Structures are given as C-alpha cells and as structure tokens.
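This report refers to the structure that appears directly beneath it.
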2 protein chains.
Amino acid sequence: MNSTAPVFPKGSPLPKDWFVGDAFLTPLLSPDHNNSYSVGSVWFEKGARTNWHTHPKGQNLLVTEGQGFYQKKGKPAQIIKKGDVIVIPENVEHWHGASAQTEMAHSAITNFEDDSQVTWLQPVSEEEYRTVNDL
Amino acid sequence: MNSTAPVFPKGSPLPKDWFVGDAFLTPLLSPDHNNSYSVGSVWFEKGARTNWHTHPKGQNLLVTEGQGFYQKKGKPAQIIKKGDVIVIPENVEHWHGASAQTEMAHSAITNFEDDSQVTWLQPVSEEEYRTVNDL
C-alpha cells in the first residue's frame with residue numbers, strides 16, 4: 001500500500017525556453033467536450049523552476065511529492081509541499097518549482113480560455129531564486 | 001523525498017447512503033469563477049466502494065494510492081491502481097472503489113453541469129462486488 005514510488009512517473013524533459021534546470025512532464029489528461037482543462041504531472045529536480053508566467057483562466061496545483069516554492073510577482077515566496085493545494089488566479093504573474101535542496105512534483109490542472117492556457121515570460125533569475133531559498 | 005505517507009489525509013467519513021463500507025473525503029478544491037469542477041481526495045478502505053452513480057458532465061480520477069476497481073454497468077470491471085488516470089464519461093452508470101484486499105485512494109475532478117455533478121443510485125451488491133473480486 002504505502003509504496004515509496006512517486007504517484008506519477010517523471011516523464012519527458014520540459015523545454016529550457018520555459019524552465020530553468022531539469023523539469024519533466026507526464027501528461028495525464030487533455031481537454032475534451034467535458035473538460036475545459038488539461039492535467040499534467042510536473043517533476044522539478046532540485047533547483048528547477050518554471051519561468052515567470054501567467055494563466056488566462058488560472059491553474060490549480062496538487063503537490064504530490066517533496067517541497068518547493070510558489071511566488072506571485074512582488075510578494076514573498078510561499079513554501080509548498082506534498083499534500084498542498086495551490087489556487088493560482090487568472091493573469092497573475094508567478095512561478096513555481098523545487099527548492100534548491102528538495103525535489104518537488106505537482107499535478108497541474110490548467111484551465112483553458114479559448115485555446116490559450118499560459119503566457120510564458122522571463123526566467124526566474126539566479127538572484128531571485130537565491131533570495132527565496134535564503135542562500 | 002520518498003515519504004511513505006499518503007499524498008492527502010484520509011479525511012472525514014462519507015455517508016453510508018452513497019457508499020458501502022468505510023470511505024473518507026478530503027475536499028481539495030471548490031468550483032469558482034475559473035473552475036467549473038470540484039476536486040476531492042477519496043479514501044476507500046478494503047471492501048469500500050461507491051454506490052452505482054452517474055455524472056452529468058463526467059469525472060476524472062487520478063489514483064494516488066493502492067488498487068481497486070472501476071466498472072461501467074454491463075461491462076467487466078477494470079483494475080485501477082496508483083498512477084492511473086480514469087476518464088468517466090457523462091451519464092454512464094458506474095462505480096469505483098477499493099478491492100476486497102487493498103485500500104485505494106484517488107483524487108476526483110468532478111465537472112459541474114449547472115449546479116449538478118452526481119446522481120446517486122443503488123448500492124453495489126455483495127454479489128456484484130464478490131464477482132469483480134473473483135471471490
């Protein structure tokens with residue numbers, strides 16, 4: 001019952017254009033006539049994080065492994081860990097990822113607005129990342 | 001990292017009107033202006049299962065612990081286990097739950113049609129349940 005294996009496999013590498021470090025995706029669910037969202041499991045190795053980005057109709061994260069951060073632009077970063085649920089509002093610039101010392105995985109439920117679900121922005125800089133990690 | 005604890009806590013007991021055996025719910029997400037679905041983690045002890053039921057706009061299950069069954073009315077039961085994703089169509093009579101020998105937990109993303117997301121029907125009988133468990 002209490003297997004130590006992650007809930008979902010690590011998956012395939014995510015593009016360096018939108019992520020810093022080693023992040024991976026296992027797609028779980030595509031939008032269809034009932035679901036106006038996709039679901040995917042994202043694995044972040046230590047130090048890995050999304051670029052800053054926005055979602056036109058929000059995103060919900062279910063953290064399934066480890067510990068990391070979620071930060072809205074101009075706000076203190078929030079520690080997120082296995083079992084946490086994060087509701088990300090529409091059109092709010094933010095990033096999420098692992099901590100420098102800990103891997104993190106979350107299932108992301110990402111809502112669509114028409115055909116759009118994310119706008120990618122600039123990377124989270126080394127200085128920004130060191131600050132939230134208190135390094 | 002590889003904690004053996006379940007991803008989500010067991011939660012509160014679910015009503016015997018709609019479940020056979022001991023099933024529990026941890027609510028994770030409510031519908032809002034961006035989300036036309038709820039998300040909850042349902043824990044089934046060995047032998048526990050939903051009643052037969054339908055969803056007017058479907059439901060998606062992400063199995064996070066253990067092993068159990070998903071059965072559409074008139075079809076063979078399908079074994080479901082940690083890491084599986086189950087897409088349940090709209091208006092299809094079905095049940096899901098643990099096996100007789102194994103606990104099971106899943107996160108359920110349940111779509112709303114207007115204010116409705118489920119119609120509960122009769123219990124899965126002991127005979128039906130013994131059959132799918134091959135007992």
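Residues in the structure tokens are named by chain (A, B, ... in the order shown) and by number from 1 within that chain; ligands are numbered from 1 in the order shown.
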
Cut-off 9 Å: closest chain B/chain A atom pairs per residue, using only C-alpha atoms, as a tab-separated table:
```
residue	atom	partner	partner_atom	distance
B:Met1	CA	A:Gly66	CA	5.1
B:Asn2	CA	A:Thr4	CA	5.3
B:Ser3	CA	A:Thr4	CA	6.3
B:Thr4	CA	A:Thr4	CA	5.3
B:Ala5	CA	A:Asn2	CA	6.8
B:Pro6	CA	A:Asn2	CA	7.2
B:Val7	CA	A:Gly83	CA	5.1
B:Phe8	CA	A:Gly83	CA	5.1
B:Pro9	CA	A:Gly83	CA	7.9
B:Leu28	CA	A:Val85	CA	6.6
B:Leu29	CA	A:Val85	CA	7.8
B:His33	CA	A:Lys57	CA	8.9
B:Asn34	CA	A:Lys57	CA	5.7
B:Asn35	CA	A:Asn111	CA	7.4
B:Ser36	CA	A:Ser36	CA	8.6
B:Lys57	CA	A:Asn34	CA	5.7
B:Gly58	CA	A:Asn34	CA	6.4
B:Gln59	CA	A:Asn34	CA	8.5
B:Asn60	CA	A:Leu29	CA	8.5
B:Leu62	CA	A:Leu28	CA	8.5
B:Val63	CA	A:Val7	CA	8.0
B:Thr64	CA	A:Val7	CA	5.7
B:Glu65	CA	A:Met1	CA	6.7
B:Gly66	CA	A:Met1	CA	5.1
B:Gln67	CA	A:Met1	CA	8.2
B:Lys82	CA	A:Val7	CA	6.1
B:Gly83	CA	A:Phe8	CA	5.0
B:Asp84	CA	A:Phe8	CA	8.2
B:Val85	CA	A:Leu28	CA	6.6
B:Val87	CA	A:Leu29	CA	8.3
B:Pro89	CA	A:Asn34	CA	8.0
B:Glu90	CA	A:Asn34	CA	7.8
B:Thr102	CA	A:Met1	CA	7.3
B:Glu103	CA	A:Met1	CA	7.1
B:Met104	CA	A:Met1	CA	8.3
B:Asn111	CA	A:Asn34	CA	7.3
```

File dump, residues just selected, C-alpha atoms, as an mmCIF file, in the first residue's frame:
```
data_model
loop_
_atom_site.group_PDB
_atom_site.id
_atom_site.type_symbol
_atom_site.label_atom_id
_atom_site.label_comp_id
_atom_site.auth_asym_id
_atom_site.auth_seq_id
_atom_site.Cartn_x
_atom_site.Cartn_y
_atom_site.Cartn_z
ATOM 1 C CA MET B 1 11.556 12.905 -0.559
ATOM 2 C CA ASN B 2 10.055 9.435 -0.891
ATOM 3 C CA SER B 3 7.840 9.679 2.149
ATOM 4 C CA THR B 4 5.575 6.662 2.628
ATOM 5 C CA ALA B 5 2.732 8.884 3.884
ATOM 6 C CA PRO B 6 -0.324 9.179 1.619
ATOM 7 C CA VAL B 7 -0.366 12.343 -0.526
ATOM 8 C CA PHE B 8 -3.586 13.601 1.098
ATOM 9 C CA PRO B 9 -5.024 12.831 4.541
ATOM 10 C CA LEU B 28 -9.308 19.902 -2.084
ATOM 11 C CA LEU B 29 -10.963 22.493 -4.319
ATOM 12 C CA HIS B 33 -15.266 31.733 -11.427
ATOM 13 C CA ASN B 34 -12.364 29.851 -13.096
ATOM 14 C CA ASN B 35 -13.112 26.240 -12.091
ATOM 15 C CA SER B 36 -16.367 24.552 -13.143
ATOM 16 C CA LYS B 57 -20.659 16.189 -17.152
ATOM 17 C CA GLY B 58 -18.185 13.411 -16.347
ATOM 18 C CA GLN B 59 -15.471 12.917 -13.749
ATOM 19 C CA ASN B 60 -11.711 12.263 -13.880
ATOM 20 C CA LEU B 62 -6.197 10.320 -10.507
ATOM 21 C CA VAL B 63 -5.377 7.220 -8.438
ATOM 22 C CA THR B 64 -2.863 8.191 -5.744
ATOM 23 C CA GLU B 65 -2.699 5.091 -3.506
ATOM 24 C CA GLY B 66 -3.276 1.368 -3.688
ATOM 25 C CA GLN B 67 -5.523 -0.564 -6.041
ATOM 26 C CA LYS B 82 -1.737 4.187 -8.145
ATOM 27 C CA GLY B 83 -0.713 6.380 -11.108
ATOM 28 C CA ASP B 84 -3.735 5.535 -13.277
ATOM 29 C CA VAL B 85 -6.000 8.205 -14.761
ATOM 30 C CA VAL B 87 -11.888 9.415 -17.586
ATOM 31 C CA PRO B 89 -17.964 9.924 -19.453
ATOM 32 C CA GLU B 90 -21.166 11.834 -18.776
ATOM 33 C CA THR B 102 -6.381 -3.487 -0.966
ATOM 34 C CA GLU B 103 -7.102 0.083 0.072
ATOM 35 C CA MET B 104 -7.351 2.688 -2.681
ATOM 36 C CA ASN B 111 -17.301 18.620 -13.507
#
```

Find the spatial neighbours of Trp120 of chain B, counting only C-alpha atoms, within a cut-off of 7 Å - ignore same-chain residues fewer than 2 positions away - and output them as a list in words.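 Here the answer would be Trp18, Asn51, Trp52, His53, Thr54 and Val118 of chain B.
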
If DSSP is run on the backbone, what residues of chain A are strand (DSSP E)? A reply as a PyMOL selection string would be ideal. chain A and resi 12-13+19-20+23-29+37-44+49-50+53-54+59-72+78-81+85-88+94-98+104-111+119-120

Nearby residues (only C-alpha atoms) at most 10 Å from Thr131 of chain B, same-chain spacing under 5 positions excluded, as a PyMOL selection string: chain B and resi 76-77+125-126

Give me a file of those residues, with C-alpha atoms, as a compact mmCIF listing (two decimals), in the first residue's frame.
```
# COMPACT_ATOMS: atom_id res chain seq x y z
CA PRO B 76 -16.28 -6.12 -16.97
CA ALA B 77 -14.69 -4.28 -14.04
CA SER B 125 -24.42 -5.53 -4.04
CA GLU B 126 -22.27 -8.08 -2.19
```

Point out the residue among B:Leu25, B:Ala98, B:Val92, B:Val42 with the least atom-to-atom distance to His55 of chain B, counting only C-alpha atoms.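 Closest to His55 of chain B, using only C-alpha atoms: B:Val92.
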
Straight-line distance linking atom CA of Ala48 of chain B with atom CA of His106 of chain A, stated in Å to one decimal: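 We find that atom CA of Ala48 of chain B and atom CA of His106 of chain A lie 27.4 Å from each other.
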
Using atom CA of Arg49 of chain B and atom CA of Ser12 of chain B as the two end points, give the distance in Å to one decimal.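 Value for the atom CA of Arg49 of chain B-atom CA of Ser12 of chain B distance: 15.3 Å.
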
Quick check, in Å to one decimal: how far apart do atom CA of Ala108 of chain B and atom CA of Phe44 of chain A lie? 23.8 Å
